[in-house]
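Heads up: the structure comes next, in structure tokens.
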Amino acid sequence: MNRIVSAGPQPLLARYGESLFWMARYLERVENLARVLDVTQTFEASGRPSQAWESVVRINADEKEFARRYGAATPEAVRRFYLLDTDNTTSIPASVAAARQNARTLRPLISTEMWAQLNVFQGWTAALTEEEVAGDGLSRLCARIKESVQLHTGITEGTFYRDQGWHFLQLGRFIERADQTTRLLDIKYHLLLPSLADVGSALDLSQWHALLRAAAGYHAFRRIHPRELTPRAVADFLLLNGAFPRSVLVCVRQTEFTLEQLRARYGLRGTREAAERVEELRAGLEERDIDRIVDSGLHEFLDWVQRMLIAISGSIGTAFFRDWRPSATQSQDQ
């Protein structure tokens, strides 16, 4: 049975490290998707329903699969695809089920409270109905989903033992969070760029407010930009702010720190390639300001960030999980 080699007395089984990594990633995806679905109604109400709901599909790179099964991206179809369709591996019920599947592997490691809460969460998301996702019920449902993920995060914070496993869980969370922030910014930024006539209008401002709410960053943004709300300021905040916990820069720095902890505190071999890639990504973020990024192509820069995150995840998997066969749900690193 493959083990993650450690200088300490109790090496971590590779399958435990992998399951912790993926459990964190799936739950981070669930919270992000709930945020995106919730605020999409804002754009729908602003008179751009087709663009708003199509952007949800694009954020998750599901264009081909969605078109094959549902056709046009209507509000009803997108809600069904992500909230009710268990055959869609990127749906909330499927992602919560995948997180629970990984937690099942982790029963010797995780607390009873973590396991019980995740079981309850998986049970009610699997039983969602058309009535619960329709109309104004969507906002209440998304709030409950977000709160359930946050509850799991809080229970984990308060009960999970701080050893190598904790660091693999953190790696999954930070890599997924950075990836989701880039996806959200890439799609919504270009969707929301206004015509000259709309700049500064109430519609323009409400849409940028909604984007910040989707990233859970509205109030934090207003603390440093009480009067300024521009596309570049929002992009700068979500990409390069060093204090906002969901910014790409913070997530990359945390990933770098976590890899260093695995190397220095636990003597884990195999971190070098991933650490070098994280260092390159962190330097690429720190050496640029938002004007340079936007002027040279925001989409191209975000695409580079996403490819680097995929490479980092791949390096971690090769180093620590390569002798463990992943489940079907884990084999798709989007």
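In the structure tokens, chains take letters A, B, ... by order of appearance, with residues numbered from 1 within each chain and ligands from 1 in the order shown.
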
> Just asking: which residues within range 30-221 of chain A are helix (DSSP H, G or I) according to DSSP, as a PyMOL selection string?
Replying inline: chain A and resi 30-45+49-59+63-70+75-83+92-105+112-126+130-133+137-159+164-192+202-214+218-221

> Which residues come within 7 Å of Asp186 in chain A, counting only C-alpha atoms, excluding same-chain residues fewer than 3 positions away, as a ChimeraX atom specification?
Replying inline: /A:182-183,189-190,299,302

Go through range 106-168 of chain A residue by residue and, counting only C-alpha atoms, keep those with an atom at most 10 Å from range 252-269 of chain A; for each kept residue give the shortest atom pair and its distance in Å to one decimal, ordered by chain and increasing number, as a Markdown table.
```
| residue | atom | partner | partner_atom | distance |
| --- | --- | --- | --- | --- |
| A:Asp163 | CA | A:Tyr266 | CA | 8.5 |
| A:Gln164 | CA | A:Leu262 | CA | 6.7 |
| A:Gly165 | CA | A:Leu262 | CA | 9.7 |
| A:Trp166 | CA | A:Thr258 | CA | 9.5 |
| A:His167 | CA | A:Thr258 | CA | 6.0 |
| A:Phe168 | CA | A:Thr258 | CA | 8.2 |
```
